[in-house]
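As structure tokens, the structure follows; a few thoughts come after it.
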Amino acid sequence: MPAQGAWEPRGWARNGAVRLAFDRYMPERGGEPLLIATGLGANRHWIPDGFCEQLTEHGFAVARYDQRDGGESTHLPPTAVRNPITALLTRRGANYTAEDMTDDAVAVLDELGWHSAHVLGVSLGGAVVQRLALRHPGRVRSPRPTLSPATSPDCAPSAISGCAPSRNSPGCSSPTPRTARSTQASR
């Protein structure tokens with residue numbers, strides 16, 4: 001069971017005018033950096049302490065942050081588009097895009113002083129993780145998108161690890177080891 005006060009006080013990262021709230025779980029334990037990105041409108045406090053405790057027991061230094069428009073981070077004025085998938089995949093003037101949210105994650109990594117980290121994202125956070133891995137591969141030790149769709153029309157999530165998800169994906173040419181085994185087994 002985590003001790004009272006296991007979370008360090010809230011910190012702030014900045015990406016332009018956007019302030020992003022984050023905190024770290026028992027930072028004195030150290031470990032491999034692991035950043036957790038929440039989903040659309042979610043609050044970082046919804047990530048269970050017990051889950052973070054287990055991650056630290058397995059050698060991770062855990063930090064979590066609120067996406068823009070979620071938790072304690074900057075909330076921007078509402079837009080005419082209500083569909084989060086459309087908002088994720090399109091650019092609409094002064095509104096923000098998935099690229100802006102990817103830059104938010106980089107800002108949090110920078111504020112934490114982490115050159116690279118394992119990155120776990122849930123739902124929209126998982127889409128941000130995929131884009132972070134594609135745009136800044138040196139900053140991501142391992143991408144772990146969870147409950148999120150592929151955000152690239154060319155490659156599915158497995159492409160971010162350097163393996164091709166399908167024969168129809170341009171630029172993605174090698175099968176995953178599991179796919180190769182299952183293909184051989186089906187012959």
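If you're wondering about the labels, chains in the structure tokens are A, B, ... by order shown, residues count from 1 in each chain, ligands from 1 in order shown.
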
*asked:* Residues within 10 Å of Arg135 (chain A), please, as a ChimeraX atom specification. Count only C-alpha atoms; anything in the same chain fewer than 6 positions from it doesn't count.
replied: /A:99,102-103,129

*Could you give me, as a PyMOL selection string, the residues within 9 Å of Leu120 (chain A), counting only C-alpha atoms and dropping anything in the same chain fewer than 4 positions from it?*
chain A and resi 34-38+125-126+129+142-146

*Using CA of His75 (chain A) and CA of Ala17 (chain A) as the two end points, give the distance in Å to one decimal.*
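That distance, rounded to one decimal, is 10.8 Å.
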
*Could you tell me, as an MDAnalysis selection string, which residues of region 36-153 of chain A DSSP assigns to helix (DSSP H, G or I) when given the backbone?*
chainID A and resid 44:46 49:57 84:89 98:112 124:135 137:139

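Distances from A:Cys52, A:Arg14, A:Ala63, A:Pro77 to Val106 (chain A) were compared using only C-alpha atoms, and the smallest one belongs to A:Arg14.
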
*Report the distance between CA of Asp104 (chain A) and CA of Ala61 (chain A) in Å, rounded to one decimal place.*
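One can read the CA of Asp104 (chain A) to CA of Ala61 (chain A) distance as 19.5 Å.
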
*Atomic separation - CA of Asn43 (chain A) relative to CA of Ala117 (chain A), Å*: 20.8 Å

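You can rank A:Val119, A:Leu124, A:Leu40, A:Leu20 by their closest distance to Pro137 (chain A) using only C-alpha atoms, and at the top of that list sits A:Val119.
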
I'd like the contact shell of Arg19 (chain A) - 7 Å cut-off, only C-alpha atoms, skipping same-chain residues fewer than 4 positions apart - returned as a PDB file with all heavy atoms, in the first residue's frame.
ATOM      1  N   TRP A  12       4.703  21.858 -13.111  1.00  0.00           N
ATOM      2  CA  TRP A  12       4.114  22.416 -14.325  1.00  0.00           C
ATOM      3  C   TRP A  12       5.121  22.380 -15.462  1.00  0.00           C
ATOM      4  O   TRP A  12       6.274  22.739 -15.282  1.00  0.00           O
ATOM      5  CB  TRP A  12       3.695  23.877 -14.110  1.00  0.00           C
ATOM      6  CG  TRP A  12       2.596  24.033 -13.117  1.00  0.00           C
ATOM      7  CD1 TRP A  12       2.733  24.409 -11.808  1.00  0.00           C
ATOM      8  CD2 TRP A  12       1.201  23.811 -13.326  1.00  0.00           C
ATOM      9  NE1 TRP A  12       1.499  24.437 -11.202  1.00  0.00           N
ATOM     10  CE2 TRP A  12       0.544  24.070 -12.107  1.00  0.00           C
ATOM     11  CE3 TRP A  12       0.456  23.410 -14.427  1.00  0.00           C
ATOM     12  CZ2 TRP A  12      -0.828  23.950 -11.960  1.00  0.00           C
ATOM     13  CZ3 TRP A  12      -0.920  23.289 -14.274  1.00  0.00           C
ATOM     14  CH2 TRP A  12      -1.550  23.563 -13.055  1.00  0.00           C
ATOM     15  N   ALA A  13       4.660  21.949 -16.626  1.00  0.00           N
ATOM     16  CA  ALA A  13       5.439  22.046 -17.861  1.00  0.00           C
ATOM     17  C   ALA A  13       4.693  23.028 -18.757  1.00  0.00           C
ATOM     18  O   ALA A  13       3.477  23.192 -18.623  1.00  0.00           O
ATOM     19  CB  ALA A  13       5.541  20.682 -18.538  1.00  0.00           C
ATOM     20  N   ARG A  14       5.420  23.663 -19.641  1.00  0.00           N
ATOM     21  CA  ARG A  14       4.810  24.636 -20.557  1.00  0.00           C
ATOM     22  C   ARG A  14       5.086  24.261 -22.008  1.00  0.00           C
ATOM     23  O   ARG A  14       6.196  23.902 -22.353  1.00  0.00           O
ATOM     24  CB  ARG A  14       5.402  26.011 -20.323  1.00  0.00           C
ATOM     25  CG  ARG A  14       4.729  26.798 -19.244  1.00  0.00           C
ATOM     26  CD  ARG A  14       5.017  28.281 -19.501  1.00  0.00           C
ATOM     27  NE  ARG A  14       4.228  29.223 -18.775  1.00  0.00           N
ATOM     28  CZ  ARG A  14       2.911  29.332 -18.759  1.00  0.00           C
ATOM     29  NH1 ARG A  14       2.181  28.490 -19.409  1.00  0.00           N
ATOM     30  NH2 ARG A  14       2.295  30.258 -18.074  1.00  0.00           N
ATOM     31  N   ASN A  15       4.032  24.369 -22.824  1.00  0.00           N
ATOM     32  CA  ASN A  15       4.167  24.292 -24.272  1.00  0.00           C
ATOM     33  C   ASN A  15       3.443  25.525 -24.812  1.00  0.00           C
ATOM     34  O   ASN A  15       2.220  25.536 -24.925  1.00  0.00           O
ATOM     35  CB  ASN A  15       3.550  23.006 -24.825  1.00  0.00           C
ATOM     36  CG  ASN A  15       3.682  22.912 -26.330  1.00  0.00           C
ATOM     37  OD1 ASN A  15       4.466  23.628 -26.940  1.00  0.00           O
ATOM     38  ND2 ASN A  15       2.887  22.040 -26.943  1.00  0.00           N
ATOM     39  N   SER A  73      -4.546  20.851 -16.084  1.00  0.00           N
ATOM     40  CA  SER A  73      -3.862  21.521 -17.186  1.00  0.00           C
ATOM     41  C   SER A  73      -4.767  22.579 -17.804  1.00  0.00           C
ATOM     42  O   SER A  73      -5.963  22.644 -17.515  1.00  0.00           O
ATOM     43  CB  SER A  73      -3.419  20.502 -18.243  1.00  0.00           C
ATOM     44  OG  SER A  73      -2.383  19.689 -17.729  1.00  0.00           O
ATOM     45  N   THR A  74      -4.188  23.401 -18.669  1.00  0.00           N
ATOM     46  CA  THR A  74      -4.933  24.477 -19.323  1.00  0.00           C
ATOM     47  C   THR A  74      -6.156  23.929 -20.051  1.00  0.00           C
ATOM     48  O   THR A  74      -6.066  22.936 -20.777  1.00  0.00           O
ATOM     49  CB  THR A  74      -4.018  25.207 -20.331  1.00  0.00           C
ATOM     50  OG1 THR A  74      -2.937  25.790 -19.618  1.00  0.00           O
ATOM     51  CG2 THR A  74      -4.780  26.283 -21.081  1.00  0.00           C
TER      52      THR A  74
END

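The residue that comes closest to Glu53 (chain A), out of A:Tyr25, A:Gly31, A:Gly70, A:Leu134 and on the basis of only C-alpha atoms, is A:Tyr25.
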
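With only C-alpha atoms as the basis for measurement, A:Arg68 is the residue among A:Arg24, A:Arg68, A:Arg29, A:Arg10 that approaches Ala42 (chain A) most closely.
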
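If only C-alpha atoms are the atoms counted, then among A:Glu32, A:Glu57, A:Asp23, A:Glu8 the closest residue to His118 (chain A) is A:Glu32.
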
*Could you pull the residues within 12 Å of Glu28 (chain A), counting only C-alpha atoms, minus those fewer than 5 positions along the same chain, as a ChimeraX atom specification?*
/A:6-8,56,59-62
